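Student: Got a file for you: start-v3.pdb, PDB, C-alpha atoms, pLDDT in the B column.
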```
MODEL        1
ATOM      1  CA  MET A   1      17.239 -14.971 -10.142  1.00 90.00           C
ATOM      2  CA  PRO A   2      15.022 -13.525  -7.416  1.00 97.00           C
ATOM      3  CA  THR A   3      16.132 -10.369  -5.608  1.00 97.00           C
ATOM      4  CA  LEU A   4      14.928  -8.809  -2.352  1.00 98.00           C
ATOM      5  CA  ASP A   5      14.688  -5.086  -1.600  1.00 97.00           C
ATOM      6  CA  ARG A   6      13.050  -3.151   1.192  1.00 97.00           C
ATOM      7  CA  HIS A   7      10.847  -0.071   0.907  1.00 93.00           C
ATOM      8  CA  GLU A   8      10.313   1.148   4.482  1.00 96.00           C
ATOM      9  CA  ASN A   9       8.161  -1.584   6.055  1.00 98.00           C
ATOM     10  CA  VAL A  10       7.631  -3.545   2.850  1.00 98.00           C
ATOM     11  CA  PHE A  11      10.008  -6.158   1.488  1.00 98.00           C
ATOM     12  CA  VAL A  12       9.704  -6.527  -2.286  1.00 98.00           C
ATOM     13  CA  LEU A  13      10.741  -9.905  -3.651  1.00 98.00           C
ATOM     14  CA  ASP A  14      11.217  -9.670  -7.425  1.00 98.00           C
ATOM     15  CA  LEU A  15      11.022 -13.179  -8.863  1.00 98.00           C
ATOM     16  CA  GLY A  16      12.950 -12.237 -12.019  1.00 97.00           C
ATOM     17  CA  ASP A  17      12.470 -11.083 -15.587  1.00 96.00           C
ATOM     18  CA  GLY A  18      12.094 -14.422 -17.382  1.00 97.00           C
ATOM     19  CA  GLU A  19       9.449 -17.135 -17.059  1.00 98.00           C
ATOM     20  CA  ASN A  20      10.420 -17.494 -13.387  1.00 98.00           C
ATOM     21  CA  ARG A  21       9.985 -21.242 -13.405  1.00 98.00           C
ATOM     22  CA  PHE A  22      10.647 -23.236 -10.262  1.00 98.00           C
ATOM     23  CA  HIS A  23      14.222 -24.392 -10.867  1.00 98.00           C
ATOM     24  CA  PRO A  24      15.748 -25.805  -7.662  1.00 98.00           C
ATOM     25  CA  ASP A  25      18.201 -22.886  -7.489  1.00 98.00           C
ATOM     26  CA  TRP A  26      15.309 -20.454  -7.931  1.00 98.00           C
ATOM     27  CA  ILE A  27      13.367 -22.145  -5.132  1.00 98.00           C
ATOM     28  CA  ALA A  28      16.411 -21.941  -2.882  1.00 98.00           C
ATOM     29  CA  ALA A  29      16.825 -18.230  -3.634  1.00 98.00           C
ATOM     30  CA  VAL A  30      13.177 -17.530  -2.809  1.00 98.00           C
ATOM     31  CA  ALA A  31      13.488 -19.526   0.417  1.00 98.00           C
ATOM     32  CA  ALA A  32      16.555 -17.480   1.420  1.00 98.00           C
ATOM     33  CA  ALA A  33      14.627 -14.260   0.803  1.00 98.00           C
ATOM     34  CA  LEU A  34      11.741 -15.531   2.931  1.00 98.00           C
ATOM     35  CA  ASP A  35      14.250 -16.321   5.699  1.00 98.00           C
ATOM     36  CA  GLU A  36      15.357 -12.680   5.659  1.00 98.00           C
ATOM     37  CA  VAL A  37      11.783 -11.395   5.781  1.00 98.00           C
ATOM     38  CA  GLU A  38      10.841 -13.739   8.604  1.00 97.00           C
ATOM     39  CA  LYS A  39      13.927 -12.925  10.694  1.00 97.00           C
ATOM     40  CA  ALA A  40      13.439  -9.163  10.444  1.00 97.00           C
ATOM     41  CA  GLU A  41      11.877  -7.384  13.408  1.00 96.00           C
ATOM     42  CA  GLY A  42       9.137  -4.818  13.727  1.00 97.00           C
ATOM     43  CA  PRO A  43       6.390  -3.927  11.270  1.00 98.00           C
ATOM     44  CA  ARG A  44       6.923  -5.571   7.908  1.00 98.00           C
ATOM     45  CA  ALA A  45       5.080  -7.115   4.991  1.00 98.00           C
ATOM     46  CA  LEU A  46       5.997  -8.815   1.728  1.00 99.00           C
ATOM     47  CA  VAL A  47       5.171  -8.024  -1.887  1.00 99.00           C
ATOM     48  CA  THR A  48       6.128 -10.677  -4.435  1.00 98.00           C
ATOM     49  CA  ALA A  49       6.519  -9.095  -7.851  1.00 98.00           C
ATOM     50  CA  ALA A  50       8.270  -9.780 -11.143  1.00 98.00           C
ATOM     51  CA  THR A  51       9.537  -7.919 -14.180  1.00 96.00           C
ATOM     52  CA  GLY A  52       8.525  -8.519 -17.776  1.00 94.00           C
ATOM     53  CA  LYS A  53       5.926 -10.694 -19.466  1.00 97.00           C
ATOM     54  CA  PHE A  54       5.603 -13.336 -16.734  1.00 98.00           C
ATOM     55  CA  TRP A  55       5.007 -13.414 -13.011  1.00 98.00           C
ATOM     56  CA  SER A  56       5.665 -17.143 -12.998  1.00 98.00           C
ATOM     57  CA  ASN A  57       5.063 -20.031 -15.381  1.00 98.00           C
ATOM     58  CA  GLY A  58       5.343 -22.604 -12.616  1.00 97.00           C
ATOM     59  CA  LEU A  59       7.275 -25.870 -12.548  1.00 97.00           C
ATOM     60  CA  ASP A  60      10.550 -26.111 -14.435  1.00 97.00           C
ATOM     61  CA  LEU A  61       9.460 -29.025 -16.602  1.00 94.00           C
ATOM     62  CA  GLU A  62      12.669 -29.009 -18.640  1.00 96.00           C
ATOM     63  CA  TRP A  63      14.748 -29.531 -15.498  1.00 97.00           C
ATOM     64  CA  LEU A  64      12.254 -32.054 -14.178  1.00 94.00           C
ATOM     65  CA  PHE A  65      12.294 -34.208 -17.327  1.00 94.00           C
ATOM     66  CA  ALA A  66      16.095 -34.166 -17.252  1.00 97.00           C
ATOM     67  CA  ASN A  67      16.138 -35.147 -13.573  1.00 97.00           C
ATOM     68  CA  ALA A  68      13.226 -37.558 -13.331  1.00 94.00           C
ATOM     69  CA  ASP A  69      14.915 -39.492 -10.518  1.00 95.00           C
ATOM     70  CA  HIS A  70      14.520 -36.406  -8.302  1.00 96.00           C
ATOM     71  CA  TYR A  71      10.803 -35.989  -9.047  1.00 94.00           C
ATOM     72  CA  GLN A  72       9.471 -36.661  -5.559  1.00 96.00           C
ATOM     73  CA  ASP A  73      12.088 -34.471  -3.857  1.00 97.00           C
ATOM     74  CA  TYR A  74      11.305 -31.704  -6.323  1.00 97.00           C
ATOM     75  CA  VAL A  75       7.564 -31.890  -5.637  1.00 97.00           C
ATOM     76  CA  VAL A  76       8.278 -31.816  -1.900  1.00 98.00           C
ATOM     77  CA  SER A  77      10.336 -28.640  -2.336  1.00 98.00           C
ATOM     78  CA  VAL A  78       7.512 -26.990  -4.299  1.00 98.00           C
ATOM     79  CA  HIS A  79       4.982 -27.962  -1.638  1.00 98.00           C
ATOM     80  CA  GLN A  80       7.299 -26.584   1.039  1.00 98.00           C
ATOM     81  CA  LEU A  81       7.442 -23.270  -0.796  1.00 98.00           C
ATOM     82  CA  PHE A  82       3.637 -23.076  -0.948  1.00 98.00           C
ATOM     83  CA  ALA A  83       3.355 -23.951   2.746  1.00 98.00           C
ATOM     84  CA  ARG A  84       6.022 -21.428   3.701  1.00 98.00           C
ATOM     85  CA  VAL A  85       4.285 -18.554   1.950  1.00 98.00           C
ATOM     86  CA  LEU A  86       0.819 -19.604   3.120  1.00 98.00           C
ATOM     87  CA  SER A  87       1.901 -19.594   6.776  1.00 98.00           C
ATOM     88  CA  LEU A  88       4.404 -16.720   6.719  1.00 98.00           C
ATOM     89  CA  PRO A  89       3.972 -14.536   9.845  1.00 98.00           C
ATOM     90  CA  VAL A  90       3.718 -11.358   7.762  1.00 98.00           C
ATOM     91  CA  MET A  91       1.023 -10.162   5.378  1.00 98.00           C
ATOM     92  CA  THR A  92       1.828 -11.049   1.777  1.00 99.00           C
ATOM     93  CA  VAL A  93       0.669  -9.517  -1.505  1.00 99.00           C
ATOM     94  CA  ALA A  94       1.340 -10.936  -4.974  1.00 99.00           C
ATOM     95  CA  ALA A  95       1.754  -8.215  -7.617  1.00 98.00           C
ATOM     96  CA  LEU A  96       0.813 -10.006 -10.838  1.00 98.00           C
ATOM     97  CA  GLN A  97       2.080  -7.863 -13.701  1.00 98.00           C
ATOM     98  CA  GLY A  98       2.224 -10.743 -16.203  1.00 98.00           C
ATOM     99  CA  HIS A  99       1.184 -14.301 -16.972  1.00 98.00           C
ATOM    100  CA  THR A 100       0.642 -16.407 -13.860  1.00 98.00           C
ATOM    101  CA  PHE A 101       0.285 -20.082 -14.760  1.00 98.00           C
ATOM    102  CA  ALA A 102       0.146 -23.517 -13.131  1.00 98.00           C
ATOM    103  CA  ALA A 103       2.335 -23.724 -10.013  1.00 98.00           C
ATOM    104  CA  GLY A 104       2.931 -19.992 -10.433  1.00 98.00           C
ATOM    105  CA  ALA A 105      -0.822 -19.447 -10.054  1.00 98.00           C
ATOM    106  CA  MET A 106      -0.787 -21.696  -7.000  1.00 98.00           C
ATOM    107  CA  LEU A 107       2.062 -19.684  -5.497  1.00 98.00           C
ATOM    108  CA  SER A 108       0.002 -16.540  -5.994  1.00 99.00           C
ATOM    109  CA  LEU A 109      -2.874 -18.207  -4.094  1.00 98.00           C
ATOM    110  CA  ALA A 110      -0.549 -18.874  -1.161  1.00 99.00           C
ATOM    111  CA  HIS A 111      -0.307 -15.084  -0.699  1.00 98.00           C
ATOM    112  CA  ASP A 112      -2.851 -13.256   1.433  1.00 98.00           C
ATOM    113  CA  PHE A 113      -3.826 -10.886  -1.386  1.00 98.00           C
ATOM    114  CA  ARG A 114      -3.317 -10.538  -5.122  1.00 98.00           C
ATOM    115  CA  VAL A 115      -3.196  -7.434  -7.338  1.00 98.00           C
ATOM    116  CA  MET A 116      -3.310  -8.133 -11.094  1.00 98.00           C
ATOM    117  CA  ARG A 117      -2.842  -6.117 -14.250  1.00 98.00           C
ATOM    118  CA  GLU A 118      -6.284  -5.476 -15.713  1.00 97.00           C
ATOM    119  CA  ASP A 119      -5.579  -5.227 -19.451  1.00 95.00           C
ATOM    120  CA  ARG A 120      -3.100  -7.973 -20.339  1.00 93.00           C
ATOM    121  CA  GLY A 121      -1.827 -11.249 -18.936  1.00 96.00           C
ATOM    122  CA  TYR A 122      -3.643 -14.364 -17.756  1.00 98.00           C
ATOM    123  CA  TRP A 123      -4.042 -16.318 -14.537  1.00 98.00           C
ATOM    124  CA  CYS A 124      -4.485 -19.994 -15.375  1.00 98.00           C
ATOM    125  CA  LEU A 125      -4.345 -23.534 -14.022  1.00 98.00           C
ATOM    126  CA  PRO A 126      -3.647 -25.452 -17.282  1.00 98.00           C
ATOM    127  CA  GLU A 127      -3.146 -28.906 -15.779  1.00 97.00           C
ATOM    128  CA  ALA A 128      -6.253 -30.397 -17.431  1.00 98.00           C
ATOM    129  CA  ASP A 129      -4.858 -29.411 -20.827  1.00 97.00           C
ATOM    130  CA  ILE A 130      -1.280 -30.572 -20.236  1.00 95.00           C
ATOM    131  CA  ASP A 131      -2.179 -33.897 -18.591  1.00 94.00           C
ATOM    132  CA  ILE A 132      -0.517 -33.182 -15.256  1.00 94.00           C
ATOM    133  CA  PRO A 133      -2.867 -33.909 -12.333  1.00 96.00           C
ATOM    134  CA  PHE A 134      -2.824 -31.718  -9.263  1.00 98.00           C
ATOM    135  CA  THR A 135      -1.137 -33.268  -6.246  1.00 98.00           C
ATOM    136  CA  PRO A 136      -3.207 -33.570  -3.062  1.00 98.00           C
ATOM    137  CA  GLY A 137      -1.343 -30.585  -1.631  1.00 98.00           C
ATOM    138  CA  MET A 138      -1.967 -28.460  -4.693  1.00 98.00           C
ATOM    139  CA  SER A 139      -5.662 -29.386  -4.730  1.00 98.00           C
ATOM    140  CA  ALA A 140      -5.965 -28.543  -1.042  1.00 98.00           C
ATOM    141  CA  LEU A 141      -4.330 -25.156  -1.520  1.00 98.00           C
ATOM    142  CA  ILE A 142      -6.530 -24.201  -4.469  1.00 98.00           C
ATOM    143  CA  ARG A 143      -9.744 -25.339  -2.779  1.00 98.00           C
ATOM    144  CA  ALA A 144      -8.842 -23.430   0.385  1.00 98.00           C
ATOM    145  CA  ARG A 145      -8.206 -20.153  -1.423  1.00 98.00           C
ATOM    146  CA  LEU A 146     -10.933 -20.100  -4.088  1.00 98.00           C
ATOM    147  CA  ALA A 147     -14.706 -20.329  -3.948  1.00 98.00           C
ATOM    148  CA  PRO A 148     -15.842 -23.899  -4.769  1.00 98.00           C
ATOM    149  CA  GLN A 149     -17.393 -23.008  -8.134  1.00 98.00           C
ATOM    150  CA  THR A 150     -14.346 -20.982  -9.173  1.00 98.00           C
ATOM    151  CA  ALA A 151     -11.970 -23.734  -8.076  1.00 98.00           C
ATOM    152  CA  HIS A 152     -13.976 -26.281 -10.071  1.00 98.00           C
ATOM    153  CA  GLU A 153     -13.968 -24.159 -13.216  1.00 98.00           C
ATOM    154  CA  ALA A 154     -10.304 -23.175 -12.943  1.00 98.00           C
ATOM    155  CA  MET A 155      -9.109 -26.727 -12.250  1.00 98.00           C
ATOM    156  CA  THR A 156     -11.257 -28.675 -14.708  1.00 98.00           C
ATOM    157  CA  THR A 157     -11.468 -26.307 -17.689  1.00 98.00           C
ATOM    158  CA  ALA A 158      -8.014 -24.658 -17.628  1.00 98.00           C
ATOM    159  CA  ARG A 159      -9.750 -21.324 -18.218  1.00 98.00           C
ATOM    160  CA  ARG A 160      -7.466 -18.343 -18.768  1.00 98.00           C
ATOM    161  CA  TYR A 161      -8.664 -15.470 -16.602  1.00 98.00           C
ATOM    162  CA  GLY A 162      -7.781 -11.918 -17.547  1.00 98.00           C
ATOM    163  CA  GLY A 163      -7.478  -9.347 -14.800  1.00 98.00           C
ATOM    164  CA  ALA A 164     -11.113  -8.197 -14.803  1.00 97.00           C
ATOM    165  CA  ASP A 165     -12.431 -11.775 -14.891  1.00 98.00           C
ATOM    166  CA  ALA A 166     -10.029 -12.840 -12.154  1.00 98.00           C
ATOM    167  CA  ALA A 167     -11.228  -9.981  -9.959  1.00 98.00           C
ATOM    168  CA  ALA A 168     -14.873 -10.799 -10.669  1.00 98.00           C
ATOM    169  CA  SER A 169     -14.212 -14.415  -9.621  1.00 98.00           C
ATOM    170  CA  SER A 170     -12.288 -13.297  -6.502  1.00 98.00           C
ATOM    171  CA  ILE A 171      -9.143 -15.031  -7.751  1.00 98.00           C
ATOM    172  CA  VAL A 172      -7.454 -11.664  -7.317  1.00 98.00           C
ATOM    173  CA  ASP A 173      -8.470  -8.849  -5.013  1.00 98.00           C
ATOM    174  CA  ARG A 174      -7.824  -5.944  -7.354  1.00 98.00           C
ATOM    175  CA  ALA A 175      -7.284  -5.446 -11.089  1.00 98.00           C
ATOM    176  CA  VAL A 176      -5.503  -2.206 -11.948  1.00 98.00           C
ATOM    177  CA  ALA A 177      -3.535  -0.541 -14.728  1.00 98.00           C
ATOM    178  CA  GLU A 178      -0.078  -1.968 -15.437  1.00 96.00           C
ATOM    179  CA  ALA A 179       1.728   1.012 -13.911  1.00 97.00           C
ATOM    180  CA  ASP A 180      -0.306   0.672 -10.728  1.00 98.00           C
ATOM    181  CA  VAL A 181       0.198  -3.030 -10.021  1.00 98.00           C
ATOM    182  CA  ARG A 182       3.342  -2.824  -7.916  1.00 98.00           C
ATOM    183  CA  PRO A 183       2.521   0.523  -6.213  1.00 98.00           C
ATOM    184  CA  THR A 184      -0.948  -0.733  -5.290  1.00 98.00           C
ATOM    185  CA  ALA A 185       0.491  -3.948  -3.878  1.00 98.00           C
ATOM    186  CA  ILE A 186       3.107  -2.051  -1.878  1.00 98.00           C
ATOM    187  CA  ALA A 187       0.523   0.371  -0.486  1.00 98.00           C
ATOM    188  CA  LEU A 188      -1.722  -2.523   0.555  1.00 98.00           C
ATOM    189  CA  ALA A 189       1.204  -4.352   2.150  1.00 98.00           C
ATOM    190  CA  GLU A 190       2.316  -1.204   3.995  1.00 98.00           C
ATOM    191  CA  SER A 191      -1.169  -0.749   5.437  1.00 98.00           C
ATOM    192  CA  LEU A 192      -0.995  -4.275   6.871  1.00 98.00           C
ATOM    193  CA  SER A 193       2.645  -4.283   7.991  1.00 98.00           C
ATOM    194  CA  GLY A 194       1.796  -3.751  11.657  1.00 98.00           C
ATOM    195  CA  LYS A 195       0.187  -7.179  11.854  1.00 98.00           C
ATOM    196  CA  ALA A 196       3.468  -9.082  11.441  1.00 98.00           C
ATOM    197  CA  GLY A 197       4.453 -11.430  14.201  1.00 97.00           C
ATOM    198  CA  ASN A 198       3.851 -14.733  15.942  1.00 97.00           C
ATOM    199  CA  THR A 199       0.133 -14.159  16.436  1.00 98.00           C
ATOM    200  CA  LEU A 200      -0.426 -13.714  12.715  1.00 98.00           C
ATOM    201  CA  GLY A 201       1.660 -16.809  12.012  1.00 98.00           C
ATOM    202  CA  THR A 202      -0.416 -18.810  14.501  1.00 98.00           C
ATOM    203  CA  ILE A 203      -3.679 -17.565  12.980  1.00 98.00           C
ATOM    204  CA  LYS A 204      -2.587 -18.605   9.502  1.00 98.00           C
ATOM    205  CA  SER A 205      -1.263 -21.965  10.676  1.00 98.00           C
ATOM    206  CA  ARG A 206      -4.569 -22.787  12.373  1.00 98.00           C
ATOM    207  CA  LEU A 207      -6.696 -21.348   9.568  1.00 98.00           C
ATOM    208  CA  TYR A 208      -4.957 -23.569   7.016  1.00 98.00           C
ATOM    209  CA  LYS A 209      -4.048 -26.476   9.298  1.00 98.00           C
ATOM    210  CA  GLU A 210      -5.315 -29.218   6.976  1.00 98.00           C
ATOM    211  CA  VAL A 211      -3.810 -27.651   3.851  1.00 98.00           C
ATOM    212  CA  LEU A 212      -0.435 -27.221   5.520  1.00 98.00           C
ATOM    213  CA  SER A 213      -0.489 -30.803   6.795  1.00 98.00           C
ATOM    214  CA  THR A 214      -1.110 -32.090   3.267  1.00 98.00           C
ATOM    215  CA  LEU A 215       1.555 -29.825   1.744  1.00 98.00           C
ATOM    216  CA  ARG A 216       4.093 -30.946   4.353  1.00 98.00           C
ATOM    217  CA  ASP A 217       3.540 -34.664   3.743  1.00 97.00           C
ATOM    218  CA  THR A 218       6.991 -35.746   2.567  1.00 96.00           C
ATOM    219  CA  ALA A 219       6.225 -39.483   2.663  1.00 93.00           C
ATOM    220  CA  ASN A 220       3.509 -39.487   0.012  1.00 93.00           C
ATOM    221  CA  PRO A 221       3.351 -36.064  -1.669  1.00 96.00           C
ATOM    222  CA  MET A 222       1.901 -37.470  -4.888  1.00 93.00           C
ATOM    223  CA  GLY A 223      -1.062 -39.133  -3.206  1.00 89.00           C
TER
ENDMDL
END
```
Can I see the file as structure tokens?
Tutor:
Amino acid sequence: MPTLDRHENVFVLDLGDGENRFHPDWIAAVAAALDEVEKAEGPRALVTAATGKFWSNGLDLEWLFANADHYQDYVVSVHQLFARVLSLPVMTVAALQGHTFAAGAMLSLAHDFRVMREDRGYWCLPEADIDIPFTPGMSALIRARLAPQTAHEAMTTARRYGGADAAASSIVDRAVAEADVRPTAIALAESLSGKAGNTLGTIKSRLYKEVLSTLRDTANPMG
């Protein structure tokens, strides 16, 4: 399960050491950690990291297939997580030390910046290969955070981007050695920690107004 630690002005949210799929309990734990970050005072920033082979493999399809009657509520909770991170009133950095797939890749895009391991691991939106269409909210998030040509390629071809390719396509901001992923993310977050506050939250909310409106549509999240 996710854990939250603080290193001076930087909160580090470790998503876990497994596939870090979006089980409802996992989502609730992440939301509780975000509550703590948001309620803190003074300079602060957030790094979202993980331990092991995966940063996140996205939706918990096993749980979802076993609880099909909760599908819409589950999608709403995932959209709420994306919206929460996208509009958080602190600077956020995703430290991608491992595979970052599907909704996990979308969660990384909800962060302000991304640092990825350069030599191993993939960032991928595999929906075209697994026959799961993007929801309107997911599509809006991806299109808002990637260049149009990159979004088109990533969404329609399910390309697996390694660290160098992801950096070249501006999917991530930096690709570094494995040992440097988390330290680089923390250093970047620390340098931006003084920007936390209501003004930053307002800027983000207005910058991504349409995306947030689509993600927060609880009446028709599937389109």
Student: What is the CA of Asp60 (chain A) to CA of Pro24 (chain A) distance in Å?
Tutor: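 Atom-to-atom, CA of Asp60 (chain A) to CA of Pro24 (chain A), that is 8.5 Å.
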Student: Can you turn the PyMOL selection byres ((chain A and resi 97) around 12) into a concrete residue list for this file, as an MDAnalysis selection string?
Tutor: chainID A and resid 14:17 48:56 94:96 98:100 108 114:123 162:163 174:185
Student: State, in Å with one decimal place, the distance from CA of Leu13 (chain A) to CA of Thr218 (chain A).
Tutor: 26.8 Å
Student: Using only C-alpha atoms, find each residue in region 146-191 of chain A having at least one atom no more than 8 Å away from region 127-139 of chain A; report its shortest atom-to-atom pair and that distance in Å (one decimal), rows by chain then rising number, as a tab-separated table.
Tutor:
```
residue	atom	partner	partner_atom	distance
A:Met155	CA	A:Ala128	CA	7.0
A:Thr156	CA	A:Ala128	CA	6.0
A:Thr157	CA	A:Ala128	CA	6.6
A:Ala158	CA	A:Ala128	CA	6.0
```
Student: Might you spell out which residues the PyMOL selection byres ((chain A and resi 38) around 8) would select in the displayed file, as a list in words?
Tutor: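 Against this file, the PyMOL selection byres ((chain A and resi 38) around 8) returns the residues Leu34, Asp35, Glu36, Val37, Lys39, Ala40, Leu88, Pro89 and Val90 of chain A.
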Student: Using the chain letters and numbers from this file, what does the PyMOL selection byres ((chain A and resi 208) around 12) select? Give the answer as a PyMOL selection string.
Tutor: chain A and resi 82-88+110+112+137+140-145+201-207+209-216
Student: Using only C-alpha atoms, what does the table of region 17-126 of chain A residues within 8 Å of region 191-200 of chain A look like, with each row giving the shortest atom pair and its distance in Å to one decimal, sorted by chain and ascending number, as CSV?
Tutor:
```
residue,atom,partner,partner_atom,distance
A:Gly42,CA,A:Ala196,CA,7.5
A:Pro43,CA,A:Gly194,CA,4.6
A:Arg44,CA,A:Ser193,CA,4.5
A:Ala45,CA,A:Ser193,CA,4.8
A:Pro89,CA,A:Leu200,CA,5.3
A:Val90,CA,A:Ala196,CA,4.3
A:Met91,CA,A:Leu192,CA,6.4
```
Student: Would you work out the distance separating CA of Leu146 (chain A) from CA of Phe113 (chain A), expressed in Å to one decimal?
Tutor: 11.9 Å
Student: So, with only C-alpha atoms as the atoms that count, which of A:His152, A:Arg159, A:Arg6, A:His23 lies closest to Ser77 (chain A)?
Tutor: A:His23
Student: Give the padded box for region 135-147 of chain A as AutoDock Vina command-line options: axis-aligned, covering all atoms listed in the file, 3 Å on each side, centre and edge lengths in Å to one decimal.
Tutor:
```
--center_x -7.9 --center_y -26.8 --center_z -2.9 --size_x 19.6 --size_y 19.5 --size_z 12.6
```
Student: I need the residue nearest His79 (chain A) from this list: A:Leu46, A:Ile27, A:Ala166, A:Val12. Use all atoms listed in the file for the distance.
Tutor: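 For His79 (chain A), the nearest of the candidates is A:Ile27.
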Student: Using the incomplete input, complete region 79-95 of chain A to the level of N, CA and C atoms; output as a PDB file, in the frame of the given file.
Tutor:
```
ATOM      1  N   HIS A  79       5.990 -27.989  -2.693  1.00 98.00           N
ATOM      2  CA  HIS A  79       4.982 -27.962  -1.638  1.00 98.00           C
ATOM      3  C   HIS A  79       5.468 -27.163  -0.439  1.00 98.00           C
ATOM      4  N   GLN A  80       6.740 -27.320  -0.089  1.00 98.00           N
ATOM      5  CA  GLN A  80       7.299 -26.584   1.039  1.00 98.00           C
ATOM      6  C   GLN A  80       7.260 -25.080   0.788  1.00 98.00           C
ATOM      7  N   LEU A  81       7.515 -24.685  -0.450  1.00 98.00           N
ATOM      8  CA  LEU A  81       7.442 -23.270  -0.796  1.00 98.00           C
ATOM      9  C   LEU A  81       6.020 -22.745  -0.613  1.00 98.00           C
ATOM     10  N   PHE A  82       5.034 -23.484  -1.117  1.00 98.00           N
ATOM     11  CA  PHE A  82       3.637 -23.076  -0.948  1.00 98.00           C
ATOM     12  C   PHE A  82       3.294 -22.948   0.534  1.00 98.00           C
ATOM     13  N   ALA A  83       3.675 -23.952   1.320  1.00 98.00           N
ATOM     14  CA  ALA A  83       3.355 -23.951   2.746  1.00 98.00           C
ATOM     15  C   ALA A  83       4.040 -22.790   3.461  1.00 98.00           C
ATOM     16  N   ARG A  84       5.258 -22.514   3.066  1.00 98.00           N
ATOM     17  CA  ARG A  84       6.022 -21.428   3.701  1.00 98.00           C
ATOM     18  C   ARG A  84       5.337 -20.088   3.482  1.00 98.00           C
ATOM     19  N   VAL A  85       4.931 -19.830   2.248  1.00 98.00           N
ATOM     20  CA  VAL A  85       4.285 -18.554   1.950  1.00 98.00           C
ATOM     21  C   VAL A  85       2.910 -18.487   2.605  1.00 98.00           C
ATOM     22  N   LEU A  86       2.162 -19.574   2.560  1.00 98.00           N
ATOM     23  CA  LEU A  86       0.819 -19.604   3.120  1.00 98.00           C
ATOM     24  C   LEU A  86       0.821 -19.310   4.617  1.00 98.00           C
ATOM     25  N   SER A  87       1.855 -19.731   5.318  1.00 98.00           N
ATOM     26  CA  SER A  87       1.901 -19.594   6.776  1.00 98.00           C
ATOM     27  C   SER A  87       2.871 -18.515   7.252  1.00 98.00           C
ATOM     28  N   LEU A  88       3.420 -17.737   6.343  1.00 98.00           N
ATOM     29  CA  LEU A  88       4.404 -16.720   6.719  1.00 98.00           C
ATOM     30  C   LEU A  88       3.797 -15.749   7.739  1.00 98.00           C
ATOM     31  N   PRO A  89       4.529 -15.399   8.796  1.00 98.00           N
ATOM     32  CA  PRO A  89       3.972 -14.536   9.845  1.00 98.00           C
ATOM     33  C   PRO A  89       4.010 -13.054   9.495  1.00 98.00           C
ATOM     34  N   VAL A  90       3.873 -12.740   8.233  1.00 98.00           N
ATOM     35  CA  VAL A  90       3.718 -11.358   7.762  1.00 98.00           C
ATOM     36  C   VAL A  90       2.632 -11.382   6.685  1.00 98.00           C
ATOM     37  N   MET A  91       2.005 -10.238   6.444  1.00 98.00           N
ATOM     38  CA  MET A  91       1.023 -10.162   5.378  1.00 98.00           C
ATOM     39  C   MET A  91       1.749 -10.163   4.033  1.00 98.00           C
ATOM     40  N   THR A  92       1.175 -10.874   3.070  1.00 99.00           N
ATOM     41  CA  THR A  92       1.828 -11.049   1.777  1.00 99.00           C
ATOM     42  C   THR A  92       0.883 -10.634   0.654  1.00 99.00           C
ATOM     43  N   VAL A  93       1.447  -9.969  -0.351  1.00 99.00           N
ATOM     44  CA  VAL A  93       0.669  -9.517  -1.505  1.00 99.00           C
ATOM     45  C   VAL A  93       1.414  -9.902  -2.772  1.00 99.00           C
ATOM     46  N   ALA A  94       0.756 -10.593  -3.680  1.00 99.00           N
ATOM     47  CA  ALA A  94       1.340 -10.936  -4.974  1.00 99.00           C
ATOM     48  C   ALA A  94       0.964  -9.856  -5.981  1.00 99.00           C
ATOM     49  N   ALA A  95       1.963  -9.263  -6.611  1.00 98.00           N
ATOM     50  CA  ALA A  95       1.754  -8.215  -7.617  1.00 98.00           C
ATOM     51  C   ALA A  95       1.915  -8.844  -8.987  1.00 98.00           C
TER      52      ALA A  95
END
```
